[in-house]
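Engineer: My file is protein05.cif. It has mmCIF, N, CA and C atoms:
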data_coords
#
loop_
_atom_site.label_atom_id
_atom_site.label_comp_id
_atom_site.auth_asym_id
_atom_site.auth_seq_id
_atom_site.Cartn_x
_atom_site.Cartn_y
_atom_site.Cartn_z
N GLN A 1 14.29 -13.07 -3.55
CA GLN A 1 12.83 -13.11 -3.55
C GLN A 1 12.33 -12.20 -2.44
N VAL A 2 11.55 -11.18 -2.84
CA VAL A 2 11.02 -10.25 -1.86
C VAL A 2 9.86 -10.87 -1.12
N HIS A 3 9.83 -10.63 0.18
CA HIS A 3 8.75 -11.12 1.04
C HIS A 3 8.13 -9.92 1.72
N LEU A 4 6.79 -9.83 1.67
CA LEU A 4 6.09 -8.68 2.24
C LEU A 4 5.17 -9.14 3.37
N VAL A 5 5.19 -8.41 4.47
CA VAL A 5 4.34 -8.72 5.61
C VAL A 5 3.63 -7.46 6.06
N GLU A 6 2.30 -7.47 5.99
CA GLU A 6 1.51 -6.31 6.40
C GLU A 6 1.12 -6.42 7.88
N SER A 7 0.88 -5.27 8.47
CA SER A 7 0.35 -5.20 9.82
C SER A 7 -0.35 -3.86 10.00
N GLY A 8 -1.08 -3.72 11.10
CA GLY A 8 -1.68 -2.44 11.43
C GLY A 8 -3.17 -2.33 11.19
N GLY A 9 -3.76 -3.38 10.64
CA GLY A 9 -5.20 -3.33 10.42
C GLY A 9 -5.95 -3.40 11.75
N GLY A 10 -7.24 -3.17 11.68
CA GLY A 10 -8.05 -3.24 12.89
C GLY A 10 -9.43 -2.69 12.65
N SER A 11 -10.13 -2.44 13.73
CA SER A 11 -11.49 -1.91 13.66
C SER A 11 -11.52 -0.51 14.26
N VAL A 12 -12.12 0.41 13.53
CA VAL A 12 -12.25 1.78 13.99
C VAL A 12 -13.64 2.28 13.66
N GLN A 13 -14.00 3.39 14.27
CA GLN A 13 -15.27 4.03 13.95
C GLN A 13 -15.06 5.05 12.83
N THR A 14 -16.16 5.43 12.23
CA THR A 14 -16.11 6.42 11.16
C THR A 14 -15.37 7.68 11.62
N GLY A 15 -14.46 8.14 10.77
CA GLY A 15 -13.66 9.30 11.09
C GLY A 15 -12.34 8.98 11.77
N GLY A 16 -12.14 7.73 12.13
CA GLY A 16 -10.92 7.33 12.79
C GLY A 16 -9.75 7.17 11.84
N SER A 17 -8.60 6.80 12.40
CA SER A 17 -7.37 6.66 11.62
C SER A 17 -6.69 5.33 11.92
N LEU A 18 -5.98 4.84 10.95
CA LEU A 18 -5.13 3.66 11.10
C LEU A 18 -3.89 3.87 10.24
N ARG A 19 -2.79 3.24 10.64
CA ARG A 19 -1.60 3.24 9.81
C ARG A 19 -1.20 1.80 9.53
N LEU A 20 -1.21 1.45 8.27
CA LEU A 20 -0.79 0.12 7.85
C LEU A 20 0.71 0.13 7.57
N SER A 21 1.35 -0.98 7.88
CA SER A 21 2.77 -1.14 7.61
C SER A 21 2.99 -2.36 6.75
N CYS A 22 4.02 -2.31 5.93
CA CYS A 22 4.39 -3.43 5.07
C CYS A 22 5.90 -3.56 5.13
N ALA A 23 6.36 -4.60 5.81
CA ALA A 23 7.79 -4.83 5.95
C ALA A 23 8.29 -5.69 4.79
N ALA A 24 9.32 -5.20 4.11
CA ALA A 24 9.88 -5.91 2.97
C ALA A 24 11.21 -6.54 3.33
N SER A 25 11.43 -7.75 2.87
CA SER A 25 12.70 -8.43 3.10
C SER A 25 13.04 -9.26 1.87
N GLY A 26 14.34 -9.60 1.77
CA GLY A 26 14.77 -10.46 0.68
C GLY A 26 14.94 -9.76 -0.65
N TYR A 27 14.96 -8.43 -0.64
CA TYR A 27 15.07 -7.68 -1.89
C TYR A 27 16.53 -7.68 -2.37
N SER A 28 16.70 -7.58 -3.67
CA SER A 28 18.03 -7.45 -4.24
C SER A 28 18.09 -6.36 -5.29
N VAL A 29 16.95 -5.72 -5.51
CA VAL A 29 16.85 -4.66 -6.50
C VAL A 29 16.59 -3.36 -5.76
N ARG A 30 17.16 -2.27 -6.25
CA ARG A 30 17.05 -1.01 -5.53
C ARG A 30 15.68 -0.38 -5.68
N TYR A 31 15.17 -0.31 -6.93
CA TYR A 31 13.93 0.43 -7.19
C TYR A 31 12.75 -0.51 -7.34
N TRP A 32 11.69 -0.14 -6.67
CA TRP A 32 10.47 -0.94 -6.71
C TRP A 32 9.27 -0.03 -6.87
N CYS A 33 8.30 -0.49 -7.61
CA CYS A 33 6.97 0.09 -7.50
C CYS A 33 6.29 -0.67 -6.37
N MET A 34 5.73 0.08 -5.44
CA MET A 34 5.02 -0.55 -4.34
C MET A 34 3.64 0.08 -4.22
N GLY A 35 2.70 -0.73 -3.82
CA GLY A 35 1.34 -0.21 -3.74
C GLY A 35 0.53 -0.87 -2.66
N TRP A 36 -0.54 -0.18 -2.32
CA TRP A 36 -1.54 -0.73 -1.40
C TRP A 36 -2.82 -0.98 -2.20
N PHE A 37 -3.38 -2.14 -1.98
CA PHE A 37 -4.59 -2.54 -2.66
C PHE A 37 -5.60 -2.99 -1.62
N ARG A 38 -6.86 -3.00 -1.99
CA ARG A 38 -7.87 -3.48 -1.06
C ARG A 38 -8.93 -4.26 -1.83
N GLN A 39 -9.55 -5.17 -1.09
CA GLN A 39 -10.60 -5.98 -1.68
C GLN A 39 -11.68 -6.20 -0.64
N ALA A 40 -12.86 -5.71 -0.97
CA ALA A 40 -14.02 -5.93 -0.12
C ALA A 40 -14.74 -7.19 -0.60
N PRO A 41 -15.55 -7.80 0.26
CA PRO A 41 -16.28 -9.02 -0.14
C PRO A 41 -17.08 -8.79 -1.41
N GLU A 42 -16.94 -9.73 -2.34
CA GLU A 42 -17.68 -9.74 -3.59
C GLU A 42 -17.34 -8.56 -4.50
N LYS A 43 -16.21 -7.93 -4.26
CA LYS A 43 -15.74 -6.84 -5.12
C LYS A 43 -14.36 -7.17 -5.65
N GLU A 44 -14.00 -6.53 -6.74
CA GLU A 44 -12.68 -6.74 -7.32
C GLU A 44 -11.62 -6.00 -6.49
N ARG A 45 -10.42 -6.51 -6.57
CA ARG A 45 -9.30 -5.86 -5.89
C ARG A 45 -9.01 -4.53 -6.61
N GLU A 46 -8.84 -3.47 -5.83
CA GLU A 46 -8.58 -2.16 -6.41
C GLU A 46 -7.32 -1.55 -5.84
N GLY A 47 -6.66 -0.77 -6.67
CA GLY A 47 -5.45 -0.08 -6.23
C GLY A 47 -5.80 1.17 -5.46
N VAL A 48 -5.30 1.29 -4.26
CA VAL A 48 -5.56 2.43 -3.40
C VAL A 48 -4.50 3.50 -3.58
N ALA A 49 -3.24 3.09 -3.53
CA ALA A 49 -2.14 4.04 -3.66
C ALA A 49 -0.90 3.31 -4.14
N SER A 50 -0.07 4.01 -4.86
CA SER A 50 1.18 3.42 -5.34
C SER A 50 2.28 4.47 -5.30
N MET A 51 3.52 3.98 -5.27
CA MET A 51 4.64 4.91 -5.28
C MET A 51 5.90 4.23 -5.76
N GLN A 52 6.84 5.05 -6.22
CA GLN A 52 8.17 4.56 -6.56
C GLN A 52 8.97 4.52 -5.27
N ALA A 53 9.41 3.35 -4.86
CA ALA A 53 10.18 3.21 -3.64
C ALA A 53 11.65 2.97 -3.97
N ASP A 54 12.49 3.59 -3.18
CA ASP A 54 13.94 3.43 -3.31
C ASP A 54 14.44 2.82 -2.02
N PHE A 55 14.93 1.60 -2.06
CA PHE A 55 15.34 0.92 -0.84
C PHE A 55 16.73 1.32 -0.37
N ILE A 56 17.35 2.27 -1.10
CA ILE A 56 18.67 2.73 -0.69
C ILE A 56 18.59 4.13 -0.07
N LEU A 57 17.92 5.02 -0.75
CA LEU A 57 17.81 6.39 -0.28
C LEU A 57 16.43 6.66 0.26
N ALA A 58 16.32 7.72 1.03
CA ALA A 58 15.03 8.08 1.59
C ALA A 58 14.15 8.83 0.61
N ASP A 59 14.73 9.16 -0.53
CA ASP A 59 13.97 9.96 -1.50
C ASP A 59 12.90 9.09 -2.14
N SER A 60 11.68 9.45 -1.94
CA SER A 60 10.57 8.70 -2.53
C SER A 60 10.15 9.35 -3.83
N GLY A 61 9.74 8.54 -4.75
CA GLY A 61 9.32 9.05 -6.04
C GLY A 61 7.85 9.41 -6.05
N ARG A 62 7.36 9.41 -7.26
CA ARG A 62 5.97 9.81 -7.49
C ARG A 62 5.01 8.87 -6.78
N SER A 63 3.92 9.42 -6.31
CA SER A 63 2.87 8.62 -5.72
C SER A 63 1.57 8.91 -6.44
N ASP A 64 0.67 7.97 -6.35
CA ASP A 64 -0.61 8.09 -7.04
C ASP A 64 -1.69 7.49 -6.15
N TYR A 65 -2.86 8.10 -6.17
CA TYR A 65 -3.94 7.67 -5.29
C TYR A 65 -5.24 7.49 -6.06
N ALA A 66 -6.04 6.58 -5.58
CA ALA A 66 -7.40 6.46 -6.08
C ALA A 66 -8.17 7.70 -5.66
N ALA A 67 -9.10 8.12 -6.51
CA ALA A 67 -9.87 9.33 -6.22
C ALA A 67 -10.62 9.22 -4.90
N SER A 68 -11.04 8.02 -4.55
CA SER A 68 -11.85 7.83 -3.35
C SER A 68 -11.06 8.04 -2.06
N VAL A 69 -9.73 8.01 -2.14
CA VAL A 69 -8.92 8.14 -0.92
C VAL A 69 -8.01 9.37 -0.94
N LYS A 70 -7.95 10.05 -2.07
CA LYS A 70 -7.05 11.20 -2.19
C LYS A 70 -7.41 12.26 -1.15
N GLY A 71 -6.40 12.73 -0.45
CA GLY A 71 -6.62 13.70 0.61
C GLY A 71 -6.84 13.08 1.97
N ARG A 72 -7.11 11.78 2.01
CA ARG A 72 -7.32 11.08 3.29
C ARG A 72 -6.22 10.08 3.58
N PHE A 73 -5.68 9.45 2.54
CA PHE A 73 -4.65 8.42 2.70
C PHE A 73 -3.32 8.97 2.20
N THR A 74 -2.23 8.51 2.84
CA THR A 74 -0.89 8.89 2.43
C THR A 74 0.01 7.66 2.41
N ILE A 75 0.65 7.43 1.27
CA ILE A 75 1.60 6.33 1.15
C ILE A 75 3.00 6.89 1.35
N SER A 76 3.84 6.14 2.06
CA SER A 76 5.20 6.60 2.30
C SER A 76 6.09 5.40 2.55
N GLN A 77 7.41 5.64 2.55
CA GLN A 77 8.36 4.56 2.79
C GLN A 77 9.40 5.01 3.80
N ASP A 78 9.96 4.05 4.49
CA ASP A 78 11.12 4.26 5.35
C ASP A 78 12.22 3.37 4.79
N SER A 79 13.19 3.98 4.11
CA SER A 79 14.21 3.17 3.46
C SER A 79 15.12 2.49 4.47
N ALA A 80 15.26 3.06 5.65
CA ALA A 80 16.14 2.46 6.66
C ALA A 80 15.60 1.12 7.14
N THR A 81 14.30 1.04 7.29
CA THR A 81 13.68 -0.20 7.78
C THR A 81 13.02 -1.00 6.67
N LYS A 82 13.07 -0.48 5.44
CA LYS A 82 12.47 -1.16 4.28
C LYS A 82 10.98 -1.43 4.55
N THR A 83 10.31 -0.40 5.01
CA THR A 83 8.90 -0.50 5.35
C THR A 83 8.08 0.49 4.55
N LEU A 84 6.98 0.01 4.03
CA LEU A 84 6.01 0.86 3.33
C LEU A 84 4.85 1.11 4.27
N TYR A 85 4.34 2.33 4.25
CA TYR A 85 3.24 2.69 5.13
C TYR A 85 2.05 3.19 4.33
N LEU A 86 0.88 3.07 4.94
CA LEU A 86 -0.32 3.72 4.43
C LEU A 86 -1.02 4.35 5.62
N GLN A 87 -0.92 5.67 5.72
CA GLN A 87 -1.64 6.39 6.76
C GLN A 87 -3.05 6.67 6.26
N MET A 88 -4.03 6.22 7.00
CA MET A 88 -5.42 6.35 6.60
C MET A 88 -6.16 7.21 7.63
N ASN A 89 -6.61 8.34 7.20
CA ASN A 89 -7.36 9.26 8.06
C ASN A 89 -8.80 9.39 7.60
N ASP A 90 -9.65 9.85 8.49
CA ASP A 90 -11.06 10.07 8.17
C ASP A 90 -11.66 8.82 7.49
N LEU A 91 -11.45 7.69 8.12
CA LEU A 91 -11.93 6.45 7.55
C LEU A 91 -13.44 6.39 7.51
N GLN A 92 -13.95 5.80 6.45
CA GLN A 92 -15.37 5.68 6.21
C GLN A 92 -15.76 4.20 6.09
N PRO A 93 -17.01 3.86 6.32
CA PRO A 93 -17.43 2.45 6.21
C PRO A 93 -17.08 1.83 4.86
N GLU A 94 -17.08 2.61 3.80
CA GLU A 94 -16.76 2.07 2.48
C GLU A 94 -15.27 1.74 2.33
N ASP A 95 -14.47 2.12 3.31
CA ASP A 95 -13.05 1.75 3.31
C ASP A 95 -12.83 0.35 3.87
N THR A 96 -13.88 -0.25 4.40
CA THR A 96 -13.77 -1.59 4.97
C THR A 96 -13.37 -2.59 3.89
N ALA A 97 -12.28 -3.30 4.12
CA ALA A 97 -11.77 -4.26 3.15
C ALA A 97 -10.54 -4.96 3.72
N MET A 98 -10.09 -5.97 3.00
CA MET A 98 -8.77 -6.55 3.27
C MET A 98 -7.77 -5.72 2.47
N TYR A 99 -6.73 -5.25 3.13
CA TYR A 99 -5.73 -4.43 2.50
C TYR A 99 -4.45 -5.23 2.28
N TYR A 100 -3.91 -5.10 1.07
CA TYR A 100 -2.72 -5.84 0.68
C TYR A 100 -1.62 -4.88 0.24
N CYS A 101 -0.41 -5.25 0.56
CA CYS A 101 0.77 -4.57 0.06
C CYS A 101 1.31 -5.40 -1.10
N ALA A 102 1.82 -4.74 -2.13
CA ALA A 102 2.36 -5.45 -3.28
C ALA A 102 3.54 -4.70 -3.86
N ALA A 103 4.39 -5.43 -4.60
CA ALA A 103 5.59 -4.83 -5.15
C ALA A 103 5.95 -5.45 -6.50
N VAL A 104 6.63 -4.64 -7.30
CA VAL A 104 7.20 -5.14 -8.55
C VAL A 104 8.48 -4.35 -8.77
N ALA A 105 9.53 -5.05 -9.20
CA ALA A 105 10.81 -4.38 -9.44
C ALA A 105 10.70 -3.55 -10.71
N ARG A 106 10.71 -2.23 -10.52
CA ARG A 106 10.51 -1.34 -11.67
C ARG A 106 10.92 0.07 -11.28
N TYR A 107 11.50 0.78 -12.23
CA TYR A 107 11.78 2.20 -12.06
C TYR A 107 10.98 2.95 -13.10
N GLY A 108 10.13 3.87 -12.64
CA GLY A 108 9.32 4.64 -13.57
C GLY A 108 7.91 4.80 -13.05
N THR A 109 6.98 4.83 -13.95
CA THR A 109 5.58 5.00 -13.56
C THR A 109 5.08 3.77 -12.82
N CYS A 110 4.48 4.03 -11.67
CA CYS A 110 3.96 2.93 -10.85
C CYS A 110 2.44 3.00 -10.88
N ALA A 111 1.86 2.11 -11.63
CA ALA A 111 0.41 2.10 -11.78
C ALA A 111 -0.27 1.47 -10.58
N ARG A 112 -1.57 1.61 -10.52
CA ARG A 112 -2.34 0.99 -9.43
C ARG A 112 -3.12 -0.22 -9.94
N SER A 113 -2.64 -0.83 -11.00
CA SER A 113 -3.30 -2.01 -11.55
C SER A 113 -2.76 -3.26 -10.87
N PRO A 114 -3.62 -4.03 -10.20
CA PRO A 114 -3.14 -5.21 -9.47
C PRO A 114 -2.35 -6.18 -10.35
N GLY A 115 -2.72 -6.30 -11.61
CA GLY A 115 -2.07 -7.26 -12.49
C GLY A 115 -0.61 -6.97 -12.78
N GLU A 116 -0.18 -5.75 -12.49
CA GLU A 116 1.20 -5.38 -12.77
C GLU A 116 2.14 -5.71 -11.61
N TYR A 117 1.62 -6.17 -10.51
CA TYR A 117 2.42 -6.44 -9.32
C TYR A 117 2.64 -7.94 -9.15
N HIS A 118 3.89 -8.29 -8.82
CA HIS A 118 4.26 -9.70 -8.79
C HIS A 118 4.36 -10.29 -7.40
N VAL A 119 4.60 -9.45 -6.41
CA VAL A 119 4.81 -9.94 -5.05
C VAL A 119 3.71 -9.36 -4.17
N TRP A 120 3.09 -10.20 -3.37
CA TRP A 120 1.96 -9.77 -2.54
C TRP A 120 2.16 -10.23 -1.10
N GLY A 121 1.67 -9.41 -0.18
CA GLY A 121 1.62 -9.81 1.21
C GLY A 121 0.36 -10.61 1.48
N GLN A 122 0.19 -10.99 2.75
CA GLN A 122 -0.94 -11.86 3.11
C GLN A 122 -2.21 -11.06 3.39
N GLY A 123 -2.08 -9.75 3.58
CA GLY A 123 -3.25 -8.91 3.81
C GLY A 123 -3.50 -8.62 5.27
N THR A 124 -4.14 -7.49 5.52
CA THR A 124 -4.54 -7.11 6.87
C THR A 124 -5.93 -6.49 6.78
N GLN A 125 -6.82 -6.87 7.68
CA GLN A 125 -8.22 -6.46 7.61
C GLN A 125 -8.42 -5.09 8.25
N VAL A 126 -9.16 -4.25 7.54
CA VAL A 126 -9.58 -2.94 8.07
C VAL A 126 -11.10 -2.91 8.07
N THR A 127 -11.66 -2.63 9.24
CA THR A 127 -13.11 -2.56 9.38
C THR A 127 -13.49 -1.22 9.99
N VAL A 128 -14.37 -0.50 9.30
CA VAL A 128 -14.81 0.81 9.76
C VAL A 128 -16.31 0.74 10.02
N SER A 129 -16.68 1.03 11.25
CA SER A 129 -18.09 0.96 11.64
C SER A 129 -18.68 2.37 11.75
N SER A 130 -19.94 2.45 11.42
CA SER A 130 -20.62 3.77 11.47
C SER A 130 -21.22 4.03 12.83
#
What is this file in structure tokens?
Structural biologist:
Amino acid sequence: QVHLVESGGGSVQTGGSLRLSCAASGYSVRYWCMGWFRQAPEKEREGVASMQADFILADSGRSDYAASVKGRFTISQDSATKTLYLQMNDLQPEDTAMYYCAAVARYGTCARSPGEYHVWGQGTQVTVSS
């Protein structure tokens, strides 16, 4: 049973940067689709970024981003530490939300649809002030 723990959230001003981390443990499958999702108050949870993660090799597969974050956010993995990252640059007030890491055991196309992910972390809050 995979267990995910996020960290790295916080409060920044517009234009600032944060790096979110998601530590994975308890995995028994090599290939995972992993993604970052966010949910602002009174809004639906949306997929921010997703990627094919390989917990054995450092080679990361395809990644996909929401249009609103493309060019500002980067998803990556560290196979040695089994950690997923989300580097967020040029943060804007509309990026304010609770951010979640999620995973599903799968090799292939990794969508950003929340319903396709089976394992979720507890979330970390990101607040961007103007």
Engineer: Which residues are near region 85-88 of chain A? Cut-off 7 Å, only N, CA and C atoms, ignore same chain within fewer than 2 positions. Put them as number ranges by chain.
Structural biologist: A: 16-22, 72-78, 83, 90-91
Engineer: Between A:Val48, A:Gly15, A:Ser28, A:Tyr117, which is the closest to Ser68 (chain A) once you count all atoms listed in the file?
Structural biologist: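 Once distances to Ser68 (chain A) are computed over all atoms listed in the file, the minimum belongs to A:Val48.
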Engineer: Using all atoms listed in the file, which residue out of A:Lys70, A:Thr124, A:Trp32, A:Gly26 lies closest to Phe55 (chain A)?
Structural biologist: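 So, comparing all the options, the nearest one is A:Trp32.
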Engineer: Would you compute the distance between atom C of Val12 (chain A) and atom C of Ser129 (chain A)? Give it in Å to one decimal.
Structural biologist: 5.4 Å
Engineer: As a check of understanding, name the residues that the PyMOL selection byres ((chain A and resi 121) around 6.5) selects in the supplied structure, as a ChimeraX atom specification.
Structural biologist: /A:4-6,100-102,119-120,122-123
Engineer: For the point (-4.0, -1.8, -6.6) in the file's frame, write as a ChimeraX atom specification all residues with an atom no more than 8 Å away, counting only C-alpha atoms.
Structural biologist: /A:35-38,45-50,111-114
Engineer: Once DSSP has gone over the backbone, tell me which residues of chain A are in strand (DSSP E), as a PyMOL selection string.
Structural biologist: chain A and resi 3-7+10-13+18-25+31-39+46-54+63-65+73-78+83-88+97-105+119-120+124-129
Engineer: Any chance you could resolve the PyMOL selection byres (((chain A and resi 109 and name CA) around 8) and name CA) against this file and give the residues as a JSON list (two decimals) with N, CA and C atoms, keeping the file's coordinate frame?
Structural biologist:
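Result file follows (part_16.json):
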[["chain", "number", "residue", "atom", "x", "y", "z"],
["A", 33, "CYS", "N", 8.30, -0.49, -7.61],
["A", 33, "CYS", "CA", 6.97, 0.09, -7.50],
["A", 33, "CYS", "C", 6.29, -0.67, -6.37],
["A", 52, "GLN", "N", 6.84, 5.05, -6.22],
["A", 52, "GLN", "CA", 8.17, 4.56, -6.56],
["A", 52, "GLN", "C", 8.97, 4.52, -5.27],
["A", 62, "ARG", "N", 7.36, 9.41, -7.26],
["A", 62, "ARG", "CA", 5.97, 9.81, -7.49],
["A", 62, "ARG", "C", 5.01, 8.87, -6.78],
["A", 107, "TYR", "N", 11.50, 0.78, -12.23],
["A", 107, "TYR", "CA", 11.78, 2.20, -12.06],
["A", 107, "TYR", "C", 10.98, 2.95, -13.10],
["A", 108, "GLY", "N", 10.13, 3.87, -12.64],
["A", 108, "GLY", "CA", 9.32, 4.64, -13.57],
["A", 108, "GLY", "C", 7.91, 4.80, -13.05],
["A", 110, "CYS", "N", 4.48, 4.03, -11.67],
["A", 110, "CYS", "CA", 3.96, 2.93, -10.85],
["A", 110, "CYS", "C", 2.44, 3.00, -10.88],
["A", 111, "ALA", "N", 1.86, 2.11, -11.63],
["A", 111, "ALA", "CA", 0.41, 2.10, -11.78],
["A", 111, "ALA", "C", -0.27, 1.47, -10.58]]
Engineer: What gap, in Å, lies between atom C of Gln39 (chain A) and CA of Gln1 (chain A)?
Structural biologist: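 Calculated distance between atom C of Gln39 (chain A) and CA of Gln1 (chain A) is 25.6 Å.
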Engineer: Set the distance at 7 Å and use all atoms listed in the file: which residues neighbour Val128 (chain A) once local chain neighbours fewer than 4 positions away are removed? I'd like the list as an MDAnalysis selection string.
Structural biologist: chainID A and resid 10:14 91:97
Engineer: In Å, with one decimal, what is the gap from atom C of Ala66 (chain A) to CA of Ser130 (chain A)?
Structural biologist: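 Interatomic distance here is 21.5 Å.
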Engineer: Taking only C-alpha atoms into account, which of A:Lys82, A:Ala53, A:Tyr99, A:Gly115 comes nearest His3 (chain A)?
Structural biologist: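 Nearest to His3 (chain A): A:Lys82.
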Engineer: I'd like to know which of A:Val29, A:Val2, A:Met34, A:Ala23 is closest to Thr81 (chain A), using only C-alpha atoms.
Structural biologist: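 Smallest distance to Thr81 (chain A) is found for A:Ala23.
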